[in-house]
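final32.cif (mmCIF, C-alpha atoms)
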```cif
data_coords
loop_
_atom_site.label_atom_id
_atom_site.label_comp_id
_atom_site.auth_asym_id
_atom_site.auth_seq_id
_atom_site.Cartn_x
_atom_site.Cartn_y
_atom_site.Cartn_z
CA MET A 1 46.27 -46.67 -21.30
CA ASN A 2 43.46 -48.08 -19.15
CA ASP A 3 41.90 -51.54 -19.42
CA VAL A 4 38.12 -51.70 -19.15
CA SER A 5 36.22 -54.98 -18.86
CA LEU A 6 32.84 -55.05 -20.54
CA HIS A 7 30.22 -57.76 -20.82
CA ASP A 8 27.13 -57.86 -22.98
CA PRO A 9 24.13 -57.03 -20.68
CA LEU A 10 21.75 -58.82 -23.05
CA THR A 11 23.51 -62.18 -23.43
CA ASN A 12 25.62 -62.06 -20.25
CA THR A 13 28.06 -64.44 -21.91
CA ARG A 14 31.11 -62.53 -23.11
CA GLN A 15 33.86 -60.44 -21.55
CA ILE A 16 35.71 -57.77 -23.54
CA THR A 17 38.86 -55.91 -22.60
CA LEU A 18 39.25 -52.46 -24.17
CA ASP A 19 42.23 -50.13 -24.02
CA ILE A 20 41.05 -46.51 -23.60
CA ASP A 21 43.52 -43.74 -24.30
CA THR A 22 42.24 -41.02 -21.98
CA PRO A 23 39.40 -41.31 -19.47
CA GLY A 24 36.52 -39.09 -20.53
CA SER A 25 37.83 -38.75 -24.10
CA ALA A 26 35.26 -37.85 -26.72
CA SER A 27 35.61 -41.16 -28.54
CA THR A 28 35.31 -43.45 -25.50
CA ILE A 29 31.53 -43.71 -25.48
CA ASP A 30 31.34 -44.22 -29.23
CA ARG A 31 33.97 -47.00 -29.08
CA LEU A 32 32.14 -48.75 -26.26
CA ASP A 33 28.84 -48.38 -28.08
CA ASP A 34 30.26 -49.74 -31.34
CA ILE A 35 31.73 -52.80 -29.58
CA THR A 36 28.46 -53.41 -27.73
CA ASN A 37 26.57 -53.32 -31.00
CA SER A 38 29.05 -55.73 -32.59
CA ILE A 39 28.61 -58.45 -29.94
CA PRO A 40 27.03 -61.55 -31.45
CA ILE A 41 23.46 -62.06 -30.35
CA GLN A 42 22.91 -65.58 -28.98
CA SER A 43 19.37 -65.25 -27.70
CA GLY A 44 17.72 -64.68 -31.03
CA HIS A 45 15.66 -61.95 -32.61
CA ARG A 46 14.11 -60.71 -29.37
CA ASN A 47 17.43 -59.66 -27.85
CA ARG A 48 18.43 -57.94 -31.08
CA TRP A 49 15.19 -55.94 -31.01
CA VAL A 50 15.75 -54.90 -27.38
CA ARG A 51 19.32 -53.90 -28.16
CA ASP A 52 18.21 -51.79 -31.14
CA VAL A 53 15.53 -50.03 -29.08
CA LEU A 54 18.00 -49.20 -26.30
CA HIS A 55 20.48 -47.96 -28.89
CA LEU A 56 17.78 -45.71 -30.38
CA ILE A 57 16.89 -44.35 -26.92
CA ARG A 58 20.53 -43.54 -26.19
CA ARG A 59 20.97 -41.75 -29.50
CA THR A 60 17.67 -39.84 -29.14
CA HIS A 61 18.63 -38.85 -25.59
CA LEU A 62 21.96 -37.54 -26.85
CA TYR A 63 20.79 -35.62 -29.94
CA LEU A 64 17.78 -34.04 -28.23
CA GLY A 65 20.16 -32.76 -25.58
CA ILE A 66 22.34 -31.19 -28.24
CA PHE A 67 19.42 -29.71 -30.20
CA LEU A 68 17.67 -28.21 -27.14
CA LEU A 69 20.81 -27.08 -25.33
CA PRO A 70 19.94 -23.33 -25.76
CA TRP A 71 16.55 -23.88 -24.09
CA ALA A 72 18.08 -25.90 -21.28
CA VAL A 73 20.62 -23.12 -20.65
CA LEU A 74 17.87 -20.49 -20.81
CA TYR A 75 15.63 -22.21 -18.25
CA GLY A 76 18.61 -22.85 -16.01
CA VAL A 77 19.85 -19.24 -16.10
CA THR A 78 16.42 -17.59 -15.84
CA GLY A 79 15.37 -19.94 -13.06
CA PHE A 80 18.51 -18.87 -11.19
CA LEU A 81 17.65 -15.19 -11.80
CA PHE A 82 14.15 -15.75 -10.39
CA ASN A 83 15.64 -17.29 -7.28
CA HIS A 84 18.32 -14.58 -6.85
CA PRO A 85 16.79 -11.18 -7.73
CA LEU A 86 19.99 -9.29 -6.84
CA VAL A 87 22.19 -11.19 -9.31
CA PHE A 88 22.85 -9.31 -12.57
CA SER A 89 20.30 -6.76 -11.44
CA ASP A 90 19.68 -3.88 -13.85
CA LEU A 91 19.59 -1.47 -10.91
CA LYS A 92 21.83 -0.94 -7.90
CA ALA A 93 20.83 -3.14 -4.98
CA THR A 94 22.14 -4.27 -1.63
CA SER A 95 21.05 -6.46 1.26
CA PHE A 96 20.83 -6.03 5.02
CA THR A 97 20.39 -8.18 8.13
CA GLN A 98 18.21 -8.03 11.23
CA SER A 99 21.01 -6.37 13.21
CA ASP A 100 20.75 -3.30 10.96
CA TRP A 101 17.34 -2.58 12.53
CA SER A 102 19.05 -1.91 15.89
CA GLY A 103 17.93 1.33 17.53
CA THR A 104 14.47 1.14 15.92
CA ASP A 105 11.10 -0.31 16.88
CA LEU A 106 11.95 -3.24 14.63
CA ALA A 107 15.12 -4.22 16.50
CA GLN A 108 13.27 -7.31 17.71
CA PRO A 109 11.49 -9.59 15.18
CA LEU A 110 7.74 -9.16 15.05
CA SER A 111 5.61 -11.70 16.86
CA ALA A 112 2.43 -12.77 15.09
CA VAL A 113 0.92 -13.88 18.41
CA GLU A 114 1.58 -10.54 20.13
CA ILE A 115 0.14 -8.56 17.24
CA ALA A 116 -2.91 -10.83 17.17
CA ARG A 117 -3.43 -10.13 20.88
CA ASP A 118 -3.13 -6.40 20.25
CA VAL A 119 -5.78 -6.65 17.53
CA VAL A 120 -8.18 -8.47 19.85
CA GLU A 121 -7.65 -5.89 22.61
CA ALA A 122 -8.22 -3.04 20.16
CA LEU A 123 -11.49 -4.67 19.06
CA LYS A 124 -12.61 -5.00 22.67
CA LYS A 125 -12.03 -1.28 23.25
CA ARG A 126 -13.75 -0.26 20.02
CA LEU A 127 -16.85 -2.47 20.22
CA PRO A 128 -19.09 -2.20 23.30
CA ASP A 129 -20.27 -5.82 23.08
CA ALA A 130 -16.80 -7.30 22.61
CA ALA A 131 -15.81 -7.79 26.24
CA ASN A 132 -15.88 -11.56 25.77
CA TYR A 133 -13.54 -11.51 22.79
CA LYS A 134 -10.35 -13.50 23.33
CA LEU A 135 -7.56 -14.95 21.26
CA VAL A 136 -7.81 -18.71 20.84
CA ASP A 137 -5.34 -21.15 19.32
CA PRO A 138 -2.50 -18.60 19.44
CA GLU A 139 -0.14 -21.06 17.79
CA GLN A 140 -2.21 -20.64 14.62
CA ALA A 141 -1.40 -16.92 14.40
CA ALA A 142 0.87 -16.32 11.41
CA PHE A 143 1.55 -13.81 8.68
CA VAL A 144 0.13 -14.92 5.34
CA GLN A 145 3.31 -13.83 3.53
CA ASP A 146 6.89 -13.36 4.70
CA ILE A 147 7.86 -10.28 2.69
CA ALA A 148 6.81 -6.67 3.28
CA SER A 149 7.89 -3.69 1.21
CA ALA A 150 8.20 0.07 1.45
CA SER A 151 9.55 2.83 -0.74
CA VAL A 152 11.26 6.13 -0.13
CA LYS A 153 11.31 8.92 -2.70
CA SER A 154 14.04 11.52 -2.71
CA GLU A 155 15.29 13.93 -5.31
CA GLY A 156 16.08 11.92 -8.41
CA LEU A 157 16.03 8.58 -6.59
CA GLN A 158 13.51 6.00 -5.47
CA THR A 159 14.56 3.51 -2.81
CA THR A 160 12.51 0.32 -2.50
CA LEU A 161 12.92 -2.00 0.47
CA PHE A 162 11.86 -5.63 0.66
CA PHE A 163 12.20 -7.09 4.14
CA ASP A 164 11.33 -10.30 5.90
CA ILE A 165 8.55 -9.48 8.33
CA LEU A 166 9.87 -11.98 10.90
CA GLY A 167 13.28 -10.36 11.01
CA ARG A 168 15.53 -12.31 8.68
CA GLY A 169 16.89 -9.32 6.80
CA GLY A 170 15.98 -7.99 3.39
CA SER A 171 17.18 -6.09 0.34
CA ILE A 172 17.23 -2.49 -0.86
CA HIS A 173 16.84 -1.51 -4.52
CA PHE A 174 17.67 1.90 -5.96
CA SER A 175 16.23 3.32 -9.15
CA PRO A 176 16.22 6.82 -10.64
CA THR A 177 12.88 8.59 -10.47
CA LYS A 178 11.27 9.69 -13.68
CA GLU A 179 10.65 13.31 -14.16
CA LYS A 180 7.06 14.07 -14.95
CA SER A 181 6.55 15.18 -18.48
CA LEU A 182 5.97 18.91 -18.69
CA SER A 183 4.54 18.64 -22.18
CA GLU A 184 1.01 19.80 -22.76
CA LYS A 185 -1.80 17.37 -22.20
CA PRO A 186 -3.59 16.08 -25.28
CA PRO A 187 -6.63 18.21 -26.12
CA PHE A 188 -8.76 15.09 -26.63
CA VAL A 189 -8.36 13.59 -23.15
CA VAL A 190 -11.56 12.02 -21.79
CA GLY A 191 -12.01 10.12 -18.54
CA ASP A 192 -8.56 10.88 -17.10
CA SER A 193 -9.10 11.65 -13.41
CA ASN A 194 -5.85 13.64 -13.37
CA SER A 195 -7.01 16.01 -16.11
CA ALA A 196 -8.74 19.27 -15.46
CA GLY A 197 -12.37 19.24 -16.39
CA SER A 198 -12.54 15.44 -16.54
CA THR A 199 -14.83 15.06 -13.52
CA SER A 200 -18.39 16.14 -13.27
CA THR A 201 -20.03 17.63 -10.19
CA LYS A 202 -23.50 17.25 -8.89
CA LYS A 203 -25.41 19.96 -7.05
CA ASN A 204 -27.35 19.18 -3.92
CA ALA A 205 -30.71 20.58 -2.96
CA GLY A 206 -29.15 23.80 -1.65
CA GLY A 207 -27.46 24.50 -4.92
CA SER A 208 -23.89 23.84 -3.74
CA ASP A 209 -21.53 21.30 -5.25
CA ALA A 210 -21.88 17.85 -3.69
CA GLY A 211 -18.37 16.91 -4.79
CA PRO A 212 -16.78 15.03 -7.69
CA GLN A 213 -18.80 12.18 -9.10
CA ASP A 214 -17.90 9.47 -11.59
CA VAL A 215 -15.25 10.34 -14.13
CA GLU A 216 -16.86 11.11 -17.45
CA LYS A 217 -16.75 8.45 -20.14
CA LEU A 218 -16.53 8.41 -23.89
CA ILE A 219 -19.51 6.34 -25.03
CA LEU A 220 -19.43 4.91 -28.54
CA GLU A 221 -22.62 4.30 -30.48
CA ASN A 222 -21.96 0.57 -30.31
CA PRO A 223 -19.57 -0.05 -27.36
CA LEU A 224 -17.31 -3.09 -27.53
CA GLN A 225 -18.52 -4.47 -24.21
CA GLU A 226 -22.13 -4.33 -25.40
CA ARG A 227 -21.20 -6.22 -28.55
CA TYR A 228 -19.72 -8.99 -26.42
CA LYS A 229 -22.71 -9.01 -24.07
CA GLN A 230 -25.04 -9.53 -27.03
CA ALA A 231 -22.88 -12.05 -28.88
CA ILE A 232 -21.78 -14.31 -26.00
CA PRO A 233 -25.25 -15.76 -25.21
CA ILE A 234 -25.73 -16.58 -28.89
CA LEU A 235 -22.33 -18.28 -29.02
CA LEU A 236 -23.02 -20.36 -25.89
CA THR A 237 -26.44 -21.38 -27.19
CA LYS A 238 -24.94 -22.56 -30.47
CA LEU A 239 -22.39 -24.63 -28.58
CA GLY A 240 -25.06 -26.12 -26.34
CA TYR A 241 -24.08 -24.41 -23.08
CA ALA A 242 -26.21 -22.57 -20.52
CA THR A 243 -26.36 -18.78 -20.65
CA GLY A 244 -26.94 -16.09 -18.07
CA GLU A 245 -25.93 -12.58 -17.21
CA VAL A 246 -22.77 -11.54 -19.06
CA LYS A 247 -20.15 -9.36 -17.40
CA VAL A 248 -17.16 -8.35 -19.52
CA GLY A 249 -14.08 -8.38 -17.32
CA PHE A 250 -11.31 -7.24 -19.65
CA ILE A 251 -10.85 -5.67 -23.06
CA PRO A 252 -7.33 -4.74 -24.18
CA ASP A 253 -6.55 -1.08 -24.72
CA LEU A 254 -6.63 0.32 -28.25
CA SER A 255 -3.54 2.30 -29.24
CA PHE A 256 -3.61 4.55 -32.31
CA HIS A 257 -2.08 7.74 -33.68
CA ILE A 258 -4.13 10.90 -33.86
CA GLU A 259 -3.36 14.43 -35.03
CA ALA A 260 -4.87 17.17 -32.89
CA ASP A 261 -4.13 20.90 -32.96
CA GLY A 262 -1.37 20.30 -35.47
CA LYS A 263 0.47 17.82 -33.27
CA LYS A 264 0.75 14.03 -33.62
CA TRP A 265 -0.12 11.92 -30.58
CA VAL A 266 -0.23 8.26 -29.60
CA ALA A 267 -3.73 7.83 -28.17
CA ARG A 268 -4.90 4.99 -25.91
CA TYR A 269 -8.57 4.09 -25.63
CA LYS A 270 -9.79 2.00 -22.68
CA ALA A 271 -13.11 0.52 -23.75
CA LEU A 272 -14.39 -0.53 -20.32
CA GLN A 273 -13.42 2.74 -18.63
CA GLY A 274 -14.52 4.85 -21.60
CA SER A 275 -11.32 6.90 -21.33
CA VAL A 276 -8.94 8.31 -23.92
CA THR A 277 -5.43 9.43 -22.99
CA GLY A 278 -2.35 10.15 -25.04
CA ARG A 279 1.27 11.16 -25.23
CA PRO A 280 3.40 12.83 -27.90
CA VAL A 281 4.67 10.46 -30.58
CA GLU A 282 8.26 11.37 -29.76
CA ASN A 283 7.78 9.88 -26.28
CA ASP A 284 6.83 6.46 -27.69
CA PRO A 285 7.44 3.78 -26.51
CA PRO A 286 6.72 4.57 -22.84
CA GLY A 287 8.00 2.83 -19.75
CA ASP A 288 11.34 1.30 -18.90
CA PRO A 289 13.64 0.00 -21.65
CA LEU A 290 13.83 -3.74 -22.20
CA THR A 291 17.14 -4.64 -20.61
CA PHE A 292 18.85 -7.99 -21.13
CA ARG A 293 17.80 -9.28 -17.70
CA ARG A 294 14.17 -8.28 -18.26
CA PHE A 295 14.30 -9.88 -21.70
CA LEU A 296 15.44 -13.20 -20.19
CA ILE A 297 12.81 -13.07 -17.45
CA ARG A 298 10.05 -12.35 -19.97
CA LEU A 299 11.24 -15.23 -22.14
CA HIS A 300 10.99 -17.53 -19.13
CA ARG A 301 7.46 -16.32 -18.35
CA THR A 302 6.15 -16.34 -21.91
CA HIS A 303 3.66 -19.17 -22.41
CA THR A 304 0.44 -20.18 -24.18
CA TYR A 305 -0.26 -20.06 -27.89
CA PRO A 306 -1.43 -16.77 -29.41
CA PHE A 307 -4.27 -16.84 -31.91
CA LYS A 308 -1.92 -15.87 -34.73
CA ILE A 309 1.17 -17.68 -35.95
CA ASP A 310 4.20 -15.52 -35.19
CA SER A 311 7.45 -15.73 -33.21
CA ARG A 312 5.55 -16.16 -29.96
CA TRP A 313 3.58 -19.08 -31.43
CA PHE A 314 6.79 -20.88 -32.44
CA TRP A 315 8.28 -20.10 -29.03
CA ALA A 316 5.28 -21.87 -27.44
CA VAL A 317 6.00 -24.87 -29.69
CA PHE A 318 9.52 -25.13 -28.27
CA VAL A 319 8.21 -24.70 -24.72
CA ASP A 320 5.99 -27.75 -25.30
CA LEU A 321 8.88 -29.61 -26.92
CA MET A 322 11.16 -28.76 -24.00
CA SER A 323 8.55 -30.00 -21.52
CA GLY A 324 8.24 -33.31 -23.34
CA VAL A 325 11.99 -33.73 -23.72
CA MET A 326 12.62 -33.13 -20.02
CA LEU A 327 10.21 -35.98 -19.28
CA PHE A 328 11.95 -38.12 -21.90
CA TRP A 329 15.37 -37.34 -20.43
CA GLY A 330 14.18 -38.56 -17.04
CA VAL A 331 12.71 -41.83 -18.33
CA SER A 332 15.50 -42.56 -20.80
CA GLY A 333 18.09 -41.76 -18.13
CA LEU A 334 16.52 -44.44 -15.91
CA LEU A 335 16.68 -46.97 -18.74
CA MET A 336 20.31 -46.13 -19.45
CA TRP A 337 21.16 -46.40 -15.73
CA TRP A 338 19.47 -49.82 -15.42
CA GLN A 339 21.77 -51.26 -18.10
CA ILE A 340 24.79 -50.78 -15.81
CA LYS A 341 24.39 -53.52 -13.20
CA LYS A 342 27.09 -52.22 -10.86
CA THR A 343 25.17 -49.00 -10.30
CA ARG A 344 21.74 -50.53 -9.66
CA SER A 345 21.99 -50.94 -5.87
CA LEU A 346 23.23 -47.44 -5.14
CA GLY A 347 20.83 -46.02 -7.74
CA ILE A 348 17.84 -47.67 -6.07
CA LEU A 349 18.83 -46.24 -2.69
CA LEU A 350 19.22 -42.77 -4.17
CA MET A 351 15.85 -43.07 -5.93
CA ILE A 352 14.11 -44.05 -2.69
CA ALA A 353 15.76 -41.13 -0.88
CA SER A 354 14.78 -38.77 -3.69
CA ILE A 355 11.13 -39.86 -3.63
CA MET A 356 10.96 -39.47 0.16
CA ILE A 357 12.57 -36.01 0.15
CA ALA A 358 10.41 -34.84 -2.77
CA GLY A 359 7.28 -36.07 -1.00
CA ILE A 360 8.14 -34.28 2.23
CA LEU A 361 8.93 -31.06 0.37
CA ALA A 362 5.72 -31.35 -1.69
CA VAL A 363 3.61 -31.64 1.46
CA GLY A 364 5.44 -28.72 3.07
CA MET A 365 5.10 -26.49 0.00
CA TRP A 366 1.41 -27.39 -0.32
CA GLN A 367 0.86 -26.13 3.22
CA VAL A 368 2.88 -22.96 2.60
CA LEU A 369 1.27 -22.06 -0.74
CA SER A 370 -2.28 -22.90 0.34
CA PHE A 371 -2.13 -20.87 3.58
CA GLY A 372 -5.03 -18.44 3.84
#
```
Representation of the structure as structure tokens:
Amino acid sequence: MNDVSLHDPLTNTRQITLDIDTPGSASTIDRLDDITNSIPIQSGHRNRWVRDVLHLIRRTHLYLGIFLLPWAVLYGVTGFLFNHPLVFSDLKATSFTQSDWSGTDLAQPLSAVEIARDVVEALKKRLPDAANYKLVDPEQAAFVQDIASASVKSEGLQTTLFFDILGRGGSIHFSPTKEKSLSEKPPFVVGDSNSAGSTSTKKNAGGSDAGPQDVEKLILENPLQERYKQAIPILLTKLGYATGEVKVGFIPDLSFHIEADGKKWVARYKALQGSVTGRPVENDPPGDPLTFRRFLIRLHRTHTYPFKIDSRWFWAVFVDLMSGVMLFWGVSGLLMWWQIKKTRSLGILLMIASIMIAGILAVGMWQVLSFG
């Protein structure tokens, strides 16, 4: 049994002694809350209203935490996976250190300044009027990114290396290579540069081939990009905005089934490229399977509202709700902390330290992310 002294933070007039069976027991908070709510209010209606509002904030803070616990766990786990790509990896992976480069040209970390000097010297040798070229502000020489990558293909295996360019180690990922499909190519292929007969040649004045030219395209009578080019100026004019030259940057591929030469295929039409490719239906869907790790990562990355109401639309609703609740948790947590007078001094010091550290990190990350 433990005795706990409690006074009403609103009236500051009454002391209460409460026997608590076990510290941290599930009923402790509820008992304290019930006694706090039962304290007579001596300062009138205003203090009662404040007490009721704080009680509502506490309860809302609690129940939102319970309701959105799956999303909190999801963002915590997937954020950890983003930060640690080797954890729970779907493929075999390992790491290495700078010492493993011993015996190679990379045994010593690369120097951005030395490489910059080499570039300037190479320019001076290549360009006749570059004798006056020189490296200035060498301390400003730096690699735009820290990570470089390379891959090695062997029989049945692809090895991908990610390494810190300044010599702080790296990681190696192993994945099985995919065997190229030996099935026949679709007879309707158009615009595939890897297909025979898909490129056209142009003869020069002597009658010989000048070489491959643009890959042929499948041109529809009314191409999608032309429809957009004609419709967009009309739309902008109706909305009262200025118009100009329209350039269509992206149109999603069209996937459909087609039967050709007695075989069923999944065809893919790229409107902008004017190409049509395909694969046998039995090979659908293509690509790597959706593993549990990839599923979690894609959930973390999924955002924005689609133009139709489906599972993704409702997921976006909960993303918005989670964003708002995280803000509410922060503000309501401050209000709940301020009610405990004994913790105010230390809390203020921690808050000041937090703001200072966050500010320093924000400035540093701004410089890192805005480099180049």
Take the PyMOL selection byres ((chain A and resi 274) around 8), run it mentally on this structure, and tell me the resulting residues as a VMD selection string. chain A and resid 190 to 191 216 to 219 269 to 273 275 to 276
Nearest residue to Asp90 in chain A out of A:Val319, A:Val53, A:Leu290, A:Ala116, using only C-alpha atoms?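 Of A:Val319, A:Val53, A:Leu290, A:Ala116, the one nearest Asp90 in chain A, counting only C-alpha atoms, is A:Leu290.
One finds CA of Lys229 in chain A at 19.1 Å from CA of Leu254 in chain A.
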The PyMOL selection byres ((chain A and resi 142) around 12) - which residues does that actually catch in the file I just gave you? List them as a PyMOL selection string. chain A and resi 110-116+137-141+143-146+165-166+368+371-372
Atoms kept (C-alpha atoms) for selection, written as a PDB file, keeping the file's coordinate frame:
```
ATOM      1  CA  LEU A 110       7.740  -9.160  15.050  1.00  0.00           C
ATOM      2  CA  SER A 111       5.610 -11.700  16.860  1.00  0.00           C
ATOM      3  CA  ALA A 112       2.430 -12.770  15.090  1.00  0.00           C
ATOM      4  CA  VAL A 113       0.920 -13.880  18.410  1.00  0.00           C
ATOM      5  CA  GLU A 114       1.580 -10.540  20.130  1.00  0.00           C
ATOM      6  CA  ILE A 115       0.140  -8.560  17.240  1.00  0.00           C
ATOM      7  CA  ALA A 116      -2.910 -10.830  17.170  1.00  0.00           C
ATOM      8  CA  ASP A 137      -5.340 -21.150  19.320  1.00  0.00           C
ATOM      9  CA  PRO A 138      -2.500 -18.600  19.440  1.00  0.00           C
ATOM     10  CA  GLU A 139      -0.140 -21.060  17.790  1.00  0.00           C
ATOM     11  CA  GLN A 140      -2.210 -20.640  14.620  1.00  0.00           C
ATOM     12  CA  ALA A 141      -1.400 -16.920  14.400  1.00  0.00           C
ATOM     13  CA  PHE A 143       1.550 -13.810   8.680  1.00  0.00           C
ATOM     14  CA  VAL A 144       0.130 -14.920   5.340  1.00  0.00           C
ATOM     15  CA  GLN A 145       3.310 -13.830   3.530  1.00  0.00           C
ATOM     16  CA  ASP A 146       6.890 -13.360   4.700  1.00  0.00           C
ATOM     17  CA  ILE A 165       8.550  -9.480   8.330  1.00  0.00           C
ATOM     18  CA  LEU A 166       9.870 -11.980  10.900  1.00  0.00           C
ATOM     19  CA  VAL A 368       2.880 -22.960   2.600  1.00  0.00           C
ATOM     20  CA  PHE A 371      -2.130 -20.870   3.580  1.00  0.00           C
ATOM     21  CA  GLY A 372      -5.030 -18.440   3.840  1.00  0.00           C
TER      22      GLY A 372
END
```
One number please: CA of Ile357 in chain A to CA of Gly167 in chain A, in Å, one decimal. 27.9 Å
Which residues, named as in the file, does the PyMOL selection byres ((chain A and resi 299-310) around 12) pick out? Answer as a tab-separated table (two decimals) with C-alpha atoms, in the coordinates of the input.
```tsv
chain	number	residue	atom	x	y	z
A	71	TRP	CA	16.55	-23.88	-24.09
A	72	ALA	CA	18.08	-25.90	-21.28
A	73	VAL	CA	20.62	-23.12	-20.65
A	74	LEU	CA	17.87	-20.49	-20.81
A	75	TYR	CA	15.63	-22.21	-18.25
A	76	GLY	CA	18.61	-22.85	-16.01
A	77	VAL	CA	19.85	-19.24	-16.10
A	78	THR	CA	16.42	-17.59	-15.84
A	79	GLY	CA	15.37	-19.94	-13.06
A	80	PHE	CA	18.51	-18.87	-11.19
A	81	LEU	CA	17.65	-15.19	-11.80
A	82	PHE	CA	14.15	-15.75	-10.39
A	290	LEU	CA	13.83	-3.74	-22.20
A	292	PHE	CA	18.85	-7.99	-21.13
A	293	ARG	CA	17.80	-9.28	-17.70
A	294	ARG	CA	14.17	-8.28	-18.26
A	295	PHE	CA	14.30	-9.88	-21.70
A	296	LEU	CA	15.44	-13.20	-20.19
A	297	ILE	CA	12.81	-13.07	-17.45
A	298	ARG	CA	10.05	-12.35	-19.97
A	311	SER	CA	7.45	-15.73	-33.21
A	312	ARG	CA	5.55	-16.16	-29.96
A	313	TRP	CA	3.58	-19.08	-31.43
A	314	PHE	CA	6.79	-20.88	-32.44
A	315	TRP	CA	8.28	-20.10	-29.03
A	316	ALA	CA	5.28	-21.87	-27.44
A	317	VAL	CA	6.00	-24.87	-29.69
A	318	PHE	CA	9.52	-25.13	-28.27
A	319	VAL	CA	8.21	-24.70	-24.72
A	320	ASP	CA	5.99	-27.75	-25.30
A	323	SER	CA	8.55	-30.00	-21.52
```
Using all atoms listed in the file: which of A:Gln98, A:Gly65, A:Arg51, A:His45 has the shortest distance to Leu321 in chain A: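 Closest to Leu321 in chain A of all the choices is A:Gly65.
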The distance between CA of Phe250 in chain A and CA of Leu369 in chain A is 27.1 Å
Got a sec: who's within 12 Å of Thr159 in chain A, counting all atoms listed in the file, leaving out chain neighbours fewer than 2 positions off, as a PyMOL selection string? chain A and resi 91-94+149-157+161-162+171-177
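The residue that comes closest to Arg279 in chain A, out of A:Trp366, A:Ser332, A:Ile234, A:Lys185 and on the basis of all atoms listed in the file, is A:Lys185.
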For Asp253 in chain A, which of A:Val50, A:Leu224, A:Leu56, A:Val331 is the closest residue, counting all atoms listed in the file?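 Result for the nearest residue to Asp253 in chain A: A:Leu224.
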Distance query Trp101 in chain A at most 12 Å, only C-alpha atoms, self and fewer than 2 positions along chain excluded, as an MDAnalysis selection string: chainID A and resid 96:99 103:110 163:165 167:170
